[in-house]
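Some notes on the structure that comes next.
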Amino acid sequence: MRKLFGTMLLFMLLLTVIQATPAHAQSKYTGGLLDGATISIGKTVGTATSTTTLMTDNKPETHGAIDRQSIAWYSFSSPQEISAVAIKGVRYEYDVEFWDATGNLLSSYSASKMDGLQSLPNKVHNVSTVVLKPKFTNITTEVVYEFNVFAIPSVAPLATTIERKQSGNEIVILDWADVRAQSYNVYRSTSVGGPYQVIASNVTSTTYTDKAVINNKTYHYVVTSVNEFGESVYSPEVSLEVASTKYTNGLLDTKIIQMGKVVGNATSTTRDLTDNNISTMGHIADVAWYTFDTPKEITSVIVHSFGEVNIDFYDAQNNWIDTYKVINMDSMQTLPTSLKNVSTVVLKPSKAGTRPRVTEWNVFDKSELPPTEVPSNLVAIAGDAQVTLNWNAVIDATSYNVKRATTAGGPYTKIATVDGTKTSYTDKGLVNGTTYYYVVSAIGAAGESANSNEASATPRAVVVEPEPNPNPGNSEMGNRAIVTLTLDNGTEKEYDLSIAEVNAFLTWYDARAEGKGKTTFAFDKHNNNRGPFKKRKEYIKFDSIYNFEVNGYESGAGTGGIEKPENPQPTPLPEKH
């Protein structure tokens with residue numbers, strides 16, 4: 001009896017759970033004006049040949065069908081206000097029409113195929129009938145799983161995806177997928193994964209330009225979709241570094257370039273040629289062009305292309321001004337003479353039938369300065385608790401910024417500004433055994449350049465191993481030695497010295513390493529004392545010595561100073577006139 005009672009109680013509990021759980025809970029298809037409504041299907045509104053509830057039953061596994069000659073509709077008992085739609089179909093996009101009580105078309109919305117809530121561009125008032133029309137192509141019947149319209153959205157819109165990112169000189173441009181949201185919010189962070197700060201809200205387009213950024217810094221972005229119900233989850237994060245390069249600071253920065261067979265008749269557009277990113281490119285089969293709002297005076301150009309190209313220049317009346325053949329790819333080129341009143345610039349293949357791959361293109365106005373050149377060939381030489389940097393000079397640079405990091409690739413911190421006349425810097429007070437990473441940027445009339453190549457070095461203490469018994473009678477050392485110094489700028493110095501002079505140098509070096517004695521050592525140049533000089537000495541600073549080596553030999557000329565040459569010749573006196 002007790003067992004039977006327990007079984008009955010369990011059955012009643014299960015029954016209660018089943019009754020309390022709906023077959024399909026609230027979803028993105030419900031909460032609208034068509035929940036469970038009977039949809040009419042026919043060739044014209046008001047003349048139904050069939051009806052269905054399979055499109056409004058909140059069961060995406062069931063469906064109704066609309067053939068090529070038919071439409072689906074629903075008429076409300078009283079006029080409604082519509083702000084959003086939701087459709088789940090199979091193949092096509094759809095037109096949703098909104099009619100008033102007298103049969104007048106109020107508005108039409110072209111719905112996408114995405115499976116989520118779509119906000120209308122504008123609310124539609126006094127709607128008495130909604131009509132669904134698949135945009136058929138080559139299939140005679142379209143399957144529709146769910147269809148609903150909403151006075152107020154019942155769920156947040158779908159999350160979007162950032163489809164394109166580009167940066168330039170203190171600028172970032174983002175483009176994202178249109179998920180038919182009411183608006184979008186843009187978030188930014190300086191750390192991967194956030195925390196994010198909203199930098200733009202209520203954006204009604206699918207693009208945003210961020211000018212509140214600085215060069216040589218990496219930023220991370222996400223975008224959310226918004227409707228009257230609320231905000232979607234974050235889009236996947238995108239990251240990019242902002243930088244001024246030789247391709248930026250011109251008239252075509254981030255501009256949309258027209259492409260086609262003839263100028264003025266565009267068949268496509270691209271940003272790949274002006275996005276400051278050489279990993280993206282466009283093929284120029286015929287012509288690519290850009291038309292300015294006002295005429296410009298063009299002084300220089302730059303093109304990064306795989307294939308020869310020409311640039312044509314036209315005035316506002318489309319009269320040809322000049323053609324420039326790009327000779328040196330991927331470098332700034334100054335035109336022979338500046339070209340005035342240029343309204344359109346055209347990029348095209350130099351040879352007919354070719355399709356050059358162009359990654360970057362820009363032109364520069366007389367009022368625009370070409371970007372500051374990037375320092376090249378940065379080299380780092382390690383010393384004792386210091387690193388010496390050397391790089392190639394940048395023409396017209398007023399100064400250089402030296403930046404350091406303890407991680408390859410940065411982030412870098414500026415540690416010094418060097419005068420533009422110098423191309424070296426010694427970073428002192430470092431920790432031996434730690435690897436340091438450096439980049440250098442140039443400052444010119446156009447501002448700061450991009451960073452140079454990265455160079456690294458690991459400072460280490462200099463250990464000098466004294467030669468055993470370095471005295472004139474030591475057969476291992478000999479009575480003379482070649483002392484070779486390597487300076488911290490990479491220069492090598494070589495001196496032929498007596499053992500007494502070598503000992504003097506070693507004694508000075510050891511004392512100086514302990515902070516004692518003079519800061520410089522004088523090396524006698526001996527046999528180089530030619531000409532009218534009686535004696536020549538070269539003074540070397542202790543701090544400039546990176547390392548040195550001593551190579552002893554036996555001269556056969558005794559243990560004193562220098563070996564005298566055979567048959568010495570006197571220095572000739574100047575002739576009298």
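Every chain in the structure tokens has a letter given in the order shown (A, B, ...), and although residue numbers restart at 1 in each chain, ligands are simply numbered from 1 in the order shown.
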**Request:** For range 413-420 of chain A, work out the shell of residues within 9 Å, counting only C-alpha atoms and skipping chain neighbours fewer than 5 positions away, then give it as a list in words.
**Result:** Ala393, Val394, Asp396, Ala397, Thr398, Ser399, Tyr400, Asn401, Val402, Lys403, Arg404, Ala405, Tyr425, Asp427, Ala442 and Ile443 of chain A
Let me see the file: selected residues, C-alpha atoms, as a compact mmCIF listing (two decimals), in the first residue's frame.
# COMPACT_ATOMS: atom_id res chain seq x y z
CA ALA A 393 70.07 59.09 -40.16
CA VAL A 394 66.70 60.44 -41.34
CA ASP A 396 65.52 66.63 -41.94
CA ALA A 397 64.84 64.87 -38.63
CA THR A 398 64.86 67.39 -35.78
CA SER A 399 65.14 64.72 -33.09
CA TYR A 400 64.71 61.03 -32.35
CA ASN A 401 62.66 59.27 -29.68
CA VAL A 402 64.35 56.25 -28.12
CA LYS A 403 61.92 53.67 -26.70
CA ARG A 404 62.60 50.58 -24.61
CA ALA A 405 60.73 47.45 -23.52
CA TYR A 425 72.46 56.68 -27.84
CA ASP A 427 71.28 53.54 -22.34
CA ALA A 442 62.12 60.23 -35.94
CA ILE A 443 60.52 63.63 -35.37
**Prompt:** Could you pull the residues within 9 Å of Tyr109 in chain A, counting only C-alpha atoms, minus those fewer than 4 positions along the same chain, as a PyMOL selection string?
**Reply:** chain A and resi 94-98+120-121
**Message:** Give me, as a ChimeraX atom specification, all polymer residues having an atom no more than 7 Å from Ile540 in chain A, counting only C-alpha atoms and skipping those fewer than 3 positions away in the same chain.
**Reply:** /A:520-522
**Request:** Give me every strand (DSSP E or B) residue in range 95-342 of chain A, going by DSSP on the backbone, as a PyMOL selection string.
**Result:** chain A and resi 95-99+105-111+117-134+141-150+162-168+171-176+183-189+197-203+207-210+217-226+231+238-242+257-260+262+265+268-270+282-283+287-306+309-314+320-325+333-342
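For the residues A:Val186, A:Val346, A:Val192, A:Ile199, ranking by smallest atom-to-atom distance to Val222 in chain A using only C-alpha atoms places A:Val186 first.
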**Message:** Quick one: residues within 10 Å of Lys255 in chain A, only C-alpha atoms, excluding same-chain residues fewer than 5 positions away - as a VMD selection string?
**Reply:** chain A and resid 270 to 275 290 362
**Message:** Set the distance at 10 Å and use only C-alpha atoms: which residues neighbour Ser235 in chain A once local chain neighbours fewer than 4 positions away are removed? I'd like the list as number ranges by chain.
**Reply:** A: 158-162, 176, 186-187, 221-225
**Item:** Asn58 in chain A surroundings by only C-alpha atoms, 8 Å radius, close-in-sequence under 5 positions cut, as a PyMOL selection string
**Value:** chain A and resi 24+27+29-30+35-36+146
**Request:** Compile the contact shell of Ile173 in chain A as a list in words: residues with an atom at most 9 Å away, counting only C-alpha atoms, same-chain residues fewer than 4 positions apart removed.
**Result:** Arg164, Lys165, Gln166, Ser167, Gly168, Thr207, Tyr208, Thr209, Asp210, Lys211 and Thr254 of chain A
**Message:** Ranking A:Met114, A:Val143, A:Val326, A:Val131 by minimum distance to Glu61 in chain A and counting only C-alpha atoms, which one comes first?
**Reply:** A:Val143
**Request:** Considering only C-alpha atoms, state which residue in the set A:Asp524, A:Glu501, A:Glu163, A:Asp488 is at the smallest distance from Asn547 in chain A.
**Result:** A:Asp488
